[in-house]
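Note sheet for the following structure.
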Number of protein chains: 2
Amino acid sequence: MLELAILGLLKERSMHGYQLSKQLTETLGGFWRVSYGSLYPTLRRLEKRGAVEKVFSDDVGRRKNVYRITEDGESLFQELLQEAGQESWEDNRFRVRLAFFKYLKPDTRIRLLERRRAYLEDRLMKIQASLDKTKKQIDTYTLSLMTHGEDATRNDIAWLDGLIATERRQVVTDGNGGKPKRRKAIRRKEPTA
Amino acid sequence: MLELAILGLLKERSMHGYQLSKQLTETLGGFWRVSYGSLYPTLRRLEKRGAVEKVFSDDVGRRKNVYRITEDGESLFQELLQEAGQESWEDNRFRVRLAFFKYLKPDTRIRLLERRRAYLEDRLMKIQASLDKTKKQIDTYTLSLMTHGEDATRNDIAWLDGLIATERRQVVTDGNGGKPKRRKAIRRKEPTA
DNA sequence: ACTGGTATATATCGACACGATATATAGGCT
DNA sequence: AGCCTATATATCGTGTCGATATATACCAGT
């Protein structure tokens, strides 16, 4: 997962570990904690794999390891981004994926959004099943926890539906399946209200 | 974290690993995946620490390792439940804590709820700071992600406020700081609407 | 009685992420 | 000179994850 995030950021511009850490905790900071204990090992893992390489710059070569993404890295990025594994739809994983959605074709985007939606629907059913089964013998706090979880999940699904609808509208509007030049802003605030 | 969850369940009744797994994925199932790869090692860890012990039952002693919580386990449970560590307020950790709130005194409950609230307020500020800083040069998907995250966090805070308010009302109503006999149902649906 | 499927039950593996901590250097302030 | 904060990389131990292996129990269909 970290590999995907790192490659995605390096696609925009080459950076060293510390910069990556700053950038990551800034964009996903509210939800994700990227520790050095995972960042630096992951960087070296990616380098060993040939997905990134060190940049040798004359002026700032002092104590910084600036990494650049390679061709192999680009294809690894695409592979990770579209990965269909079962666990890939958990909250944080999906958030990271969404942050790099611009690198995907519209129909792939829709596919991923719907996969996430199915995951959330499944969660919803599990919550409701638990509520049904253990109803009336459950304590107040657990009940509140589950009910709130139900609401929050529904909100998430509604938000996803908004994203999917917007995506479909675009596919219809500009018929070319390629990379769109300009796109309308995503309608927000409504789905989460 | 798993230790807390296991001890909490064993407080209610003695169980073996498989039953714990069922129970855990049922209550927190929508949000947490408890794998055997962490469950069984944790059980043995707890046993080594003396927090739980095997129950030797004649009839079902065949192939089941039934565990019972010990006195040491009870105090470890209380310790873990009230733990003030920085990372203890992350989403899943808090959910587990809340599931065992009934074992806490009312004022301790309020303290924990307010700690969680502060954590979410902090997240909210981080999100807003990111939105301000990188505004207008951020892609549509990341923007939507952050805005939705903002909304969801606000919802969570509102829900927490409801819980806190209910808790305070009870403290005032029945003046005794001890364990309450019967309590009003927590007003829900409103805070999350 | 045989077979197959599902639920029960425990265990372990490698990979990865986490939190904490150590170690430097650079730059700024007083 | 002394001190603080930001920059920058590295590593350690521990915990969790997903996958997988391996049994046994029980019930259904044939």
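If you're wondering about the labels, chains in the structure tokens are A, B, ... by order shown, residues count from 1 in each chain, ligands from 1 in order shown.
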
Present chain B as an mmCIF file with C-alpha atoms, in the first residue's frame, least-squares fitted onto chain A over all of its C-alpha atoms paired in order.
```
data_model
loop_
_atom_site.group_PDB
_atom_site.id
_atom_site.type_symbol
_atom_site.label_atom_id
_atom_site.label_comp_id
_atom_site.auth_asym_id
_atom_site.auth_seq_id
_atom_site.Cartn_x
_atom_site.Cartn_y
_atom_site.Cartn_z
ATOM 1 C CA MET B 1 -0.050 0.001 -0.011
ATOM 2 C CA LEU B 2 2.762 2.370 0.920
ATOM 3 C CA GLU B 3 4.464 1.329 -2.289
ATOM 4 C CA LEU B 4 1.507 2.587 -4.271
ATOM 5 C CA ALA B 5 1.452 5.895 -2.427
ATOM 6 C CA ILE B 6 5.187 6.450 -2.880
ATOM 7 C CA LEU B 7 5.146 5.603 -6.567
ATOM 8 C CA GLY B 8 2.158 7.862 -7.084
ATOM 9 C CA LEU B 9 3.924 10.812 -5.547
ATOM 10 C CA LEU B 10 7.165 10.124 -7.378
ATOM 11 C CA LYS B 11 5.220 10.150 -10.630
ATOM 12 C CA GLU B 12 4.619 13.858 -10.145
ATOM 13 C CA ARG B 13 8.170 14.722 -9.197
ATOM 14 C CA SER B 14 11.292 13.117 -7.780
ATOM 15 C CA MET B 15 11.676 13.423 -4.046
ATOM 16 C CA HIS B 16 13.632 12.137 -1.068
ATOM 17 C CA GLY B 17 12.174 10.286 1.901
ATOM 18 C CA TYR B 18 11.530 13.253 4.105
ATOM 19 C CA GLN B 19 9.646 15.108 1.401
ATOM 20 C CA LEU B 20 7.539 12.017 0.760
ATOM 21 C CA SER B 21 6.740 11.796 4.438
ATOM 22 C CA LYS B 22 5.637 15.446 4.500
ATOM 23 C CA GLN B 23 3.524 15.100 1.413
ATOM 24 C CA LEU B 24 1.882 11.891 2.583
ATOM 25 C CA THR B 25 0.938 13.079 6.036
ATOM 26 C CA GLU B 26 -0.359 16.264 4.499
ATOM 27 C CA THR B 27 -2.747 14.767 1.977
ATOM 28 C CA LEU B 28 -3.788 11.692 3.902
ATOM 29 C CA GLY B 29 -2.601 13.069 7.235
ATOM 30 C CA GLY B 30 -6.003 13.127 8.813
ATOM 31 C CA PHE B 31 -6.441 9.426 8.267
ATOM 32 C CA TRP B 32 -3.041 7.887 7.838
ATOM 33 C CA ARG B 33 0.130 7.947 9.820
ATOM 34 C CA VAL B 34 3.156 7.258 7.661
ATOM 35 C CA SER B 35 5.989 6.342 9.956
ATOM 36 C CA TYR B 36 9.645 6.409 9.030
ATOM 37 C CA GLY B 37 9.796 2.849 10.214
ATOM 38 C CA SER B 38 7.824 1.828 7.158
ATOM 39 C CA LEU B 39 8.761 4.589 4.741
ATOM 40 C CA TYR B 40 12.504 4.077 4.459
ATOM 41 C CA PRO B 41 12.401 0.274 4.336
ATOM 42 C CA THR B 42 9.738 0.519 1.634
ATOM 43 C CA LEU B 43 11.885 2.915 -0.371
ATOM 44 C CA ARG B 44 14.797 0.518 -0.269
ATOM 45 C CA ARG B 45 12.479 -2.336 -1.150
ATOM 46 C CA LEU B 46 11.299 -0.428 -4.193
ATOM 47 C CA GLU B 47 14.857 0.400 -5.169
ATOM 48 C CA LYS B 48 15.882 -3.249 -4.918
ATOM 49 C CA ARG B 49 12.946 -4.142 -7.146
ATOM 50 C CA GLY B 50 14.086 -1.539 -9.653
ATOM 51 C CA ALA B 51 10.892 0.472 -9.367
ATOM 52 C CA VAL B 52 12.740 3.587 -8.215
ATOM 53 C CA GLU B 53 16.352 4.753 -8.491
ATOM 54 C CA LYS B 54 18.542 7.279 -6.727
ATOM 55 C CA VAL B 55 19.098 10.587 -8.474
ATOM 56 C CA PHE B 56 22.634 11.889 -8.394
ATOM 57 C CA SER B 57 22.443 15.636 -8.331
ATOM 58 C CA ASP B 58 25.584 17.753 -7.978
ATOM 59 C CA ASP B 59 24.270 20.597 -5.882
ATOM 60 C CA VAL B 60 22.124 18.758 -3.362
ATOM 61 C CA GLY B 61 23.866 15.400 -3.348
ATOM 62 C CA ARG B 62 25.101 15.995 0.138
ATOM 63 C CA ARG B 63 22.859 14.121 2.490
ATOM 64 C CA LYS B 64 19.675 13.591 0.557
ATOM 65 C CA ASN B 65 18.591 10.433 -1.215
ATOM 66 C CA VAL B 66 16.428 11.715 -4.005
ATOM 67 C CA TYR B 67 14.470 9.000 -5.755
ATOM 68 C CA ARG B 68 13.080 8.910 -9.270
ATOM 69 C CA ILE B 69 10.470 6.488 -10.583
ATOM 70 C CA THR B 70 11.585 4.124 -13.344
ATOM 71 C CA GLU B 71 9.729 2.513 -16.218
ATOM 72 C CA ASP B 72 9.318 -0.624 -14.130
ATOM 73 C CA GLY B 73 7.973 1.560 -11.380
ATOM 74 C CA GLU B 74 5.364 3.063 -13.670
ATOM 75 C CA SER B 75 3.977 -0.330 -14.594
ATOM 76 C CA LEU B 76 4.136 -1.515 -10.975
ATOM 77 C CA PHE B 77 2.147 1.575 -10.066
ATOM 78 C CA GLN B 78 -0.575 0.782 -12.583
ATOM 79 C CA GLU B 79 -0.642 -2.811 -11.399
ATOM 80 C CA LEU B 80 -0.994 -1.901 -7.735
ATOM 81 C CA LEU B 81 -3.573 0.775 -8.453
ATOM 82 C CA GLN B 82 -5.928 -1.630 -10.174
ATOM 83 C CA GLU B 83 -5.241 -4.584 -7.930
ATOM 84 C CA ALA B 84 -8.352 -6.640 -7.331
ATOM 85 C CA GLY B 85 -7.336 -8.324 -4.069
ATOM 86 C CA GLN B 86 -10.012 -8.831 -1.479
ATOM 87 C CA GLU B 87 -8.401 -6.609 1.107
ATOM 88 C CA SER B 88 -7.875 -3.757 -1.333
ATOM 89 C CA TRP B 89 -11.215 -2.185 -0.501
ATOM 90 C CA GLU B 90 -10.598 -1.457 3.121
ATOM 91 C CA ASP B 91 -10.974 2.193 4.065
ATOM 92 C CA ASN B 92 -7.387 3.419 3.920
ATOM 93 C CA ARG B 93 -6.418 1.404 0.887
ATOM 94 C CA PHE B 94 -9.319 2.820 -1.038
ATOM 95 C CA ARG B 95 -8.490 6.356 0.033
ATOM 96 C CA VAL B 96 -4.964 6.009 -1.320
ATOM 97 C CA ARG B 97 -6.305 4.598 -4.555
ATOM 98 C CA LEU B 98 -8.772 7.431 -4.959
ATOM 99 C CA ALA B 99 -5.995 9.955 -4.490
ATOM 100 C CA PHE B 100 -4.457 8.674 -7.737
ATOM 101 C CA PHE B 101 -7.644 8.224 -9.709
ATOM 102 C CA LYS B 102 -6.598 10.761 -12.289
ATOM 103 C CA TYR B 103 -4.133 8.222 -13.664
ATOM 104 C CA LEU B 104 -6.908 5.771 -14.527
ATOM 105 C CA LYS B 105 -9.219 5.481 -17.486
ATOM 106 C CA PRO B 106 -12.840 6.458 -16.797
ATOM 107 C CA ASP B 107 -14.221 2.928 -17.063
ATOM 108 C CA THR B 108 -11.555 1.586 -14.737
ATOM 109 C CA ARG B 109 -12.487 4.301 -12.269
ATOM 110 C CA ILE B 110 -16.117 3.247 -12.376
ATOM 111 C CA ARG B 111 -15.131 -0.380 -11.856
ATOM 112 C CA LEU B 112 -13.100 0.462 -8.773
ATOM 113 C CA LEU B 113 -15.785 2.725 -7.345
ATOM 114 C CA GLU B 114 -18.361 -0.010 -7.719
ATOM 115 C CA ARG B 115 -16.081 -2.551 -6.074
ATOM 116 C CA ARG B 116 -15.717 -0.247 -3.130
ATOM 117 C CA ARG B 117 -19.453 0.250 -3.067
ATOM 118 C CA ALA B 118 -20.025 -3.488 -2.928
ATOM 119 C CA TYR B 119 -17.557 -3.718 -0.064
ATOM 120 C CA LEU B 120 -19.489 -1.115 1.886
ATOM 121 C CA GLU B 121 -22.822 -2.787 1.116
ATOM 122 C CA ASP B 122 -21.361 -5.969 2.512
ATOM 123 C CA ARG B 123 -20.272 -4.152 5.647
ATOM 124 C CA LEU B 124 -23.746 -2.714 5.972
ATOM 125 C CA MET B 125 -25.311 -6.144 5.812
ATOM 126 C CA LYS B 126 -22.912 -7.484 8.405
ATOM 127 C CA ILE B 127 -23.768 -4.657 10.760
ATOM 128 C CA GLN B 128 -27.478 -5.167 10.273
ATOM 129 C CA ALA B 129 -27.120 -8.902 10.809
ATOM 130 C CA SER B 130 -25.284 -8.262 14.076
ATOM 131 C CA LEU B 131 -27.940 -5.789 15.144
ATOM 132 C CA ASP B 132 -30.712 -8.242 14.395
ATOM 133 C CA LYS B 133 -29.100 -11.212 16.058
ATOM 134 C CA THR B 134 -27.947 -9.674 19.297
ATOM 135 C CA LYS B 135 -30.674 -7.092 19.579
ATOM 136 C CA LYS B 136 -32.125 -6.367 23.006
ATOM 137 C CA GLN B 137 -29.292 -8.090 24.860
ATOM 138 C CA ILE B 138 -26.645 -5.653 23.723
ATOM 139 C CA ASP B 139 -25.392 -2.808 25.910
ATOM 140 C CA THR B 140 -26.140 0.819 25.118
ATOM 141 C CA TYR B 141 -22.654 1.751 23.998
ATOM 142 C CA THR B 142 -22.145 -1.099 21.585
ATOM 143 C CA LEU B 143 -25.589 -0.420 20.206
ATOM 144 C CA SER B 144 -24.776 3.228 19.646
ATOM 145 C CA LEU B 145 -21.466 2.234 18.092
ATOM 146 C CA MET B 146 -23.106 -0.082 15.616
ATOM 147 C CA THR B 147 -25.927 2.276 14.756
ATOM 148 C CA HIS B 148 -23.512 5.106 14.144
ATOM 149 C CA GLY B 149 -21.378 2.789 12.061
ATOM 150 C CA GLU B 150 -24.436 1.958 10.028
ATOM 151 C CA ASP B 151 -25.199 5.628 9.406
ATOM 152 C CA ALA B 152 -21.612 6.444 8.511
ATOM 153 C CA THR B 153 -21.468 3.557 6.071
ATOM 154 C CA ARG B 154 -24.674 4.719 4.416
ATOM 155 C CA ASN B 155 -23.192 8.185 4.068
ATOM 156 C CA ASP B 156 -20.117 6.716 2.448
ATOM 157 C CA ILE B 157 -22.235 4.795 -0.016
ATOM 158 C CA ALA B 158 -24.248 7.887 -0.913
ATOM 159 C CA TRP B 159 -21.020 9.777 -1.489
ATOM 160 C CA LEU B 160 -19.729 6.983 -3.706
ATOM 161 C CA ASP B 161 -22.960 7.041 -5.666
ATOM 162 C CA GLY B 162 -22.382 10.703 -6.366
ATOM 163 C CA LEU B 163 -18.890 9.977 -7.647
ATOM 164 C CA ILE B 164 -20.118 7.131 -9.814
ATOM 165 C CA ALA B 165 -22.915 9.245 -11.264
ATOM 166 C CA THR B 166 -20.499 12.044 -12.144
ATOM 167 C CA GLU B 167 -18.156 9.559 -13.748
ATOM 168 C CA ARG B 168 -20.891 8.025 -15.868
ATOM 169 C CA ARG B 169 -22.098 11.426 -16.977
ATOM 170 C CA GLN B 170 -18.617 12.189 -18.267
ATOM 171 C CA VAL B 171 -18.295 8.944 -20.127
ATOM 172 C CA VAL B 172 -21.520 9.744 -21.918
ATOM 173 C CA THR B 173 -20.722 13.420 -22.502
ATOM 174 C CA ASP B 174 -17.334 13.114 -24.155
ATOM 175 C CA GLY B 175 -17.458 9.844 -26.012
ATOM 176 C CA ASN B 176 -13.700 9.368 -26.332
ATOM 177 C CA GLY B 177 -12.409 6.788 -23.872
ATOM 178 C CA GLY B 178 -9.076 8.546 -23.647
ATOM 179 C CA LYS B 179 -7.779 11.161 -21.266
ATOM 180 C CA PRO B 180 -10.225 14.038 -20.925
ATOM 181 C CA LYS B 181 -8.895 17.566 -21.326
ATOM 182 C CA ARG B 182 -11.171 19.508 -19.052
ATOM 183 C CA ARG B 183 -13.858 18.121 -16.839
ATOM 184 C CA LYS B 184 -16.643 19.548 -14.801
ATOM 185 C CA ALA B 185 -16.081 19.875 -11.102
ATOM 186 C CA ILE B 186 -17.434 16.985 -9.119
ATOM 187 C CA ARG B 187 -20.707 17.885 -7.520
ATOM 188 C CA ARG B 188 -20.128 17.592 -3.815
ATOM 189 C CA LYS B 189 -21.778 18.535 -0.538
ATOM 190 C CA GLU B 190 -25.072 17.068 -1.791
ATOM 191 C CA PRO B 191 -24.151 13.398 -1.557
ATOM 192 C CA THR B 192 -22.784 13.783 1.952
ATOM 193 C CA ALA B 193 -25.491 16.096 3.281
#
```

List every residue of chain A that DSSP, applied to the backbone, labels as alpha helix (DSSP H), and write the result as a PyMOL selection string. chain A and resi 2-12+17-27+36-49+71-82+91-99+106-134+140-173

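If you take only C-alpha atoms (C1' of nucleotides) and a cut-off of 9 Å, the residues of chain C that reach chain A are DC16, DA17, DC18, DG19 and DT25 of chain C.
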
Give me, as number ranges by chain, the residues of chain D touching chain A, with the criterion being at most 9 Å (counting only C-alpha atoms (C1' of nucleotides)). D: 7-11, 18

Write to file, as a compact mmCIF listing (two decimals), in the first residue's frame, the residues of the selection just made, with C-alpha atoms (C1' of nucleotides).
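The result, stored in result35.txt:
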```txt
# COMPACT_ATOMS: atom_id res chain seq x y z
C1' DT D 7 15.72 18.56 8.08
C1' DA D 8 17.18 13.87 6.93
C1' DT D 9 18.17 8.91 7.31
C1' DA D 10 18.28 4.61 9.75
C1' DT D 11 17.06 0.66 12.70
C1' DG D 18 -3.45 -12.61 4.86
```

Excluding region 1-5 of chain C and any residue of its chain fewer than 2 positions from it, enumerate the residues within 9 Å of it, using only C-alpha atoms (C1' of nucleotides), and give them as a list in words.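 Neighbouring residues, sequence-local ones excluded: DA28, DG29 and DT30 of chain D.
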
Atomic separation - C1' of DT24 (chain D) relative to C1' of DT12 (chain C), Å: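 Answer for the C1' of DT12 (chain C) to C1' of DT24 (chain D) separation: 18.9 Å.
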
Please report, as an NGL selection string, each residue of region 7-86 of chain B to which DSSP assigns strand (DSSP E or B) when run on this structure's backbone. :B and (15-16 or 52-55 or 66-69)
